[in-house]
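For reference, the structure is listed below as structure tokens.
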Amino acid sequence: MEVLPLLLVLSFWWSRTLDSASADSIIHIGAIFDESAKKDDEVFRTAVGDLNQNEEILQTEKITFSVTFVDGNNPFQAVQEACELMNQGILALVSSIGCTSAGSLQSLADAMHIPHLFIQRSTAGTPRSGCGVTRSNRNDDYTLSVRPPVYLNDVILRVVTEYAWQKLIIFYDSEYDIRGIQEFLDKVSQQGMDVALQKVENNINKMITTLFDTMRIEELNRYRDTLRRAILVMNPATAKAFITEVVETNLVAFDCHWIIINEEINDVDVQELVRRSIGRLTIIRQTFPVPQNISHRCFRGNHRISSTLCDPKDPFAQNMEISNLYIYDTVLLLANAFHKKLEDRKWHSMASLSCIRKNSKPWQGGRSMLETIKKGGVSGLTGELEFGENGGNPNVHFEILGTNYGEELGRGVRKLGCWTPVTGLNGSLTDKKLENNMRGVVLRVVTVLEEPFVMVSENVLGKPKKYQGFSIDVLDALSNYLGFNYEIYVAPDHKYGSPQEDGTWNGLVGELVFKRADIGISALTITPDRENVVDFTTRYMDYSVGVLLRRAEKTVDMFACLAPFDLSLWACIAGTVLLVGLLVYLLNWLNPPRLQMGSMTSTTLYNSMWFVYGSFVQQGGEVPYTTLATRMMMGAWWLFALIVISSYTANLAAFLTITRIESSIQSLQDLSKQTDIPYGTVLDSAVYEHVRMKGMNPFERDSMYSQMWRMINRSNGSENNVLESQAGIQKVKYGNYAFVWDAAVLEYVAINDPDCSFYTIGNTVADRGYGIALQHGSPYRDVFSQRILELQQSGDMDILKHKWWPKNGQCDLYSSVDTKQKGGALDIKSFAGVFCILAAGIVLSCFIAMLETWWNKRKGSRVPSKEASSLQNETTTSERRNAWPLRPCLKLGTSTWRSQASSRGLHQSSHLGGPLDDP
């Protein structure tokens with residue numbers, strides 16, 4: 001910092017000394033600089049001082065000069081100051097100003113025949129635009145352009161064509177004249193490229209804030225996509241501030257590729273731009289040859305240049321602008337031209353010219369001096385300085401630097417190629433995608449625990465957590481193939497992420513948006529809202545919504561044998577047995593049957609009931625009923641019994657061999673139509689948002705989602721929803737609840753439940769998928785997607801799936817009850833009721849037997865022994881009385897019965913109640 005004040009003092013003292021000696025010197029130069037170009041003045045004075053010390057060029061002569069400063073935007077002032085210099089007597093005029101005053105000075109130099117060496121400069125280092133200085137074929141053109149023409153149009157077009165860009169945006173600062181790249185815009189328009197222009201205001205922060213305030217999220221996402229390919233035409237300071245702002249506001253991402261073109265960018269600017277940017281950066285700047293031998297850097301032929309200008313490590317040299325370098329070489333060129341004139345003894349003395357007089361004559365030696373300058377040439381700080389036939393310097397060399405993708409600090413900058421007007425592009429600028437080799441890259445991975453995608457496998461005290469799961473297996477497969485390493489952590493709020501009221505994102509997605517993580521992996525589904533702020537790889541697994549329900553507990557029915565018939569049917573059958581038995585008894589009472597000799601069956605009500613029951617259970621028995629009416633009724637009863645027993649047998653076989661208990665909920669439609677089982681999902685999750693959007697869409701044809709949304713949104717979602725998926729699973733297991741969630745997660749839970757207490761239902765249509773989330777514009781997206789497709793094509797992805805979702809699991813996923821069977825065999829549970837009925841009959845029989853025994857003993861104690869002989873007669877009499885309804889029938893058929901009995905040789909038995917004619 002102390003060098004600059006010292007140089008200013010020395011330059012001022014030297015200028016005063018030269019101005020005082022101007023009368024004694026025959027070499028006098030006039031210089032006009034922009035009032036903002038103080039460094040041009042310093043370099044100009046340093047160059048004059050270096051040449052005055054070089055006795056080999058000017059020998060005993062010394063250069064004197066006069067310097068004046070003007071407003072670059074005031075052509076009248078520039079002409080007025082030039083006239084003052086010409087009035088003092090000058091051999092040449094050196095100017096370092098902008099295009100506004102260049103045309104006026106050109107006209108004045110042409111009129112006064114004063115060689116004018118014009119060095120175009122731009123304000124604050126902004127890229128140059130063509131000045132539009134007209135050049136004619138006449139010999140009275142006295143202006144020589146020291147700086148080469150503006151080749152930005154040619155260089156940009158060549159580079160963009162080499163990169164094969166089809167869509168880009170051009171940012172330019174407020175000081176740049178956009179007409180300078182009009183030729184480039186016309187050519188790319190003819191080639192069908194989509195090019196947008198945007199001016200960068202001085203207040204960059206305000207400009208970016210305005211974008212966020214005026215654009216909707218969809219427009220911002222399209223704007224981000226446009227920013228993937230951009231050209232920056234601005235000064236280095238503005239470029240650094242602009243890059244910093246857009247990176248901090250997440251307007252650009254890793255896959256962006258920006259081109260910065262400016263002749264004035266030095267090494268310090270390059271390193272700073274690379275440090276602040278992300279993605280890929282290409283820098284185009286003008287460069288100058290540097291001698292390989294360090295000891296020769298400050299020597300150009302027989303001239304030694306000041307070390308403050310030629311030493312790259314010198315602070316003054318590092319901050320020099322290109323116009324400063326051309327000023328030094330211009331003075332060196334003039335000194336050699338003056339030496340040539342002196343050596344040839346063709347010197348023309350300076351003339352005092354007046355621009356005000358109308359009849360003033362131009363300088364007589366101007367043409368000769370101009371030709372000497374044009375034919376001369378020097379090797380200076382800018383390389384070879386010479387002029388072509390058109391009065392311009394054709395020697396220009398552009399250097400193309402580039403970086404690779406990535407945001408790590410200190411990444412290397414390498415030279416990609418060079419460009420000259422003669423040879424064109426020399427080098428390869430292919431816009432290569434990220435290569436498969438990512439060895440040495442360490443990615444920061446954010447995740448959310450979700451079985452079986454990501455789970456903690458080990459958590460030893462003092463050691464990092466280890467993770468396992470299907471998503472971890474996919475990540476490991478990518479890591480092994482591509483060679484990168486990763487560090488994994490769980491999202492602080494344990495959420496996948498959703499937009500907040502202020503527009504920001506929380507959860508896993510928020511970690512990517514705020515660039516705290518490189519990639520995010522879990523049971524993360526690809527949704528339109530998430531794709532607006534992050535990028536996704538191709539899906540590595542299909543996604544569908546499922547429902548987890550608790551399996552119905554299988555109850556033990558001891559009376560499963562009664563299951564084929566309903567209770568009401570059993571009651572009807574029992575009533576039918578009683579009714580038919582009573583009718584049989586009445587029919588026999590009204591029309592007594594003819595009993596066969598020796599028959600032990602009586603037609604009492606008890607016997608009729610027992611006979612009807614025996615025929616119903618197909619046990620047969622003696623049939624004492626021979627009347628036509630009774631036989632008709634019994635035939636109908638037997639047919640009824642046959643049908644009932646056959647139906648019972650068939651239905652019982654079906655019930656005991658196949659369990660046909662079906663759940664009433666077999667689909668999402670069934671779930672939405674019922675209200676007995678409440679259901680919900682994870683609050684603010686992708687499933688929650690999916691149901692909300694579908695349910696609130698008035699154009700949705702399926703009413704299922706609107707019905708589901710009414711249940712899920714009860715009490716603003718707090719009644720039936722949970723904060724984490726594990727809470728929903730526990731709620732299903734220990735309560736009356738159905739959990740709506742990712743089908744893959746629910747299937748894993750149902751398969752691995754030790755009690756097999758869950759079953760799932762789901763949608764077979766996979767409308768979305770699981771993907772790996774990356775930062776917006778990440779360069780890893782394409783290579784990850786390509787590798788995932790390779791895993792799917794080779795079948796390795798299916799192997800990873802079967803590891804976590806085996807085909808033959810210990811539990812049935814889709815059955816609402818436990819239907820495990822062993823070869824169709826019947827177990828004791830199915831017949832427990834039958835054994836119970838048998839046991840009850842045995843117990844009841846034993847009880848009745850004891851009652852009869854007790855009763856008989858009691859009755860026997862009351863009857864005297866002398867009456868035992870008449871017991872049989874009493875019994876016979878009793879039976880005869882009980883059969884009183886048969887008497888009319890017997891009396892009517894006495895003769896017939898007797899004749900039959902006589903012919904058969906039968907005798908009246910005692911149990912018929914005595915003689916037939918007995919009243």
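Just remember, in the structure tokens the first chain shown is A, the second B, etc., residues are 1-based per chain, and ligands are 1-based in the order shown.
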
Set out as CSV a contact list for segment 336-388 of chain A and segment 22-37 of chain A with a cut-off of 8 Å, giving each residue of segment 336-388 of chain A that qualifies its closest atom pair and distance in Å to one decimal, counting only C-alpha atoms, ordered by chain and rising residue number.
residue,atom,partner,partner_atom,distance
A:Phe338,CA,A:Ile27,CA,8.0
A:Ser349,CA,A:Ile26,CA,6.9
A:Met350,CA,A:Ile26,CA,7.2

Inset, instruction - Report as a ChimeraX atom specification: the residues of segment 326-465 of chain A with a DSSP assignment of strand (DSSP E or B), based on the backbone of this structure. - result: /A:378-380,383-385,392,398-402,414-420,424-427,442-447,450,454-458

Legend entry - For Ala241 of chain A, the nearest of the candidates A:His348, A:Asn205, A:Trp804, A:Val413, counting only C-alpha atoms: A:Asn205

Inset, instruction - Find the residues near Val745 of chain A: any atom within 12 Å, counting only C-alpha atoms, skip ones fewer than 5 places away on the same chain, and give them as a ChimeraX atom specification. - result: /A:449-454,469-470,522-524,543-548,725-726,728-729,739-740,750-752,760,762,770,804-805

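Across the model, the gap from atom CA of Ala840 of chain A to atom CA of Trp570 of chain A is 18.4 Å.
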
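The smallest atom-to-atom distance between Ser122 of chain A and any of A:Ala727, A:Met634, A:Ile322, A:Met193, using only C-alpha atoms, is found for A:Ile322.
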
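Pairwise distance (atom CA of Asp798 of chain A, atom CA of Val442 of chain A) equals 27.4 Å.
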
Inset, instruction - Mind checking which residues fall within 9 Å of Asp41 of chain A, counting only C-alpha atoms, ignoring those fewer than 2 positions away in the same chain, and posting them as a PyMOL selection string? - result: chain A and resi 11+31+33+37-39+43-46+67+324+327

Keeping only C-alpha atoms, write the selected residues as a PDB file, in the first residue's frame.
ATOM      1  CA  SER A  11       5.364  10.861 -11.109  1.00  0.00           C
ATOM      2  CA  ALA A  31      -2.008  12.398 -23.375  1.00  0.00           C
ATOM      3  CA  PHE A  33      -7.061  10.188 -19.973  1.00  0.00           C
ATOM      4  CA  ALA A  37      -8.330   6.330 -15.022  1.00  0.00           C
ATOM      5  CA  LYS A  38      -5.706   7.508 -12.571  1.00  0.00           C
ATOM      6  CA  LYS A  39      -3.728   4.318 -13.005  1.00  0.00           C
ATOM      7  CA  VAL A  43       1.712   3.785 -15.945  1.00  0.00           C
ATOM      8  CA  PHE A  44       2.165   6.437 -18.634  1.00  0.00           C
ATOM      9  CA  ARG A  45       4.575   8.378 -16.479  1.00  0.00           C
ATOM     10  CA  THR A  46       6.398   5.174 -15.464  1.00  0.00           C
ATOM     11  CA  VAL A  67      -1.318  15.026 -19.529  1.00  0.00           C
ATOM     12  CA  ASN A 324      -2.505   0.106 -18.487  1.00  0.00           C
ATOM     13  CA  ILE A 327      -0.391   2.434 -22.532  1.00  0.00           C
TER      14      ILE A 327
END
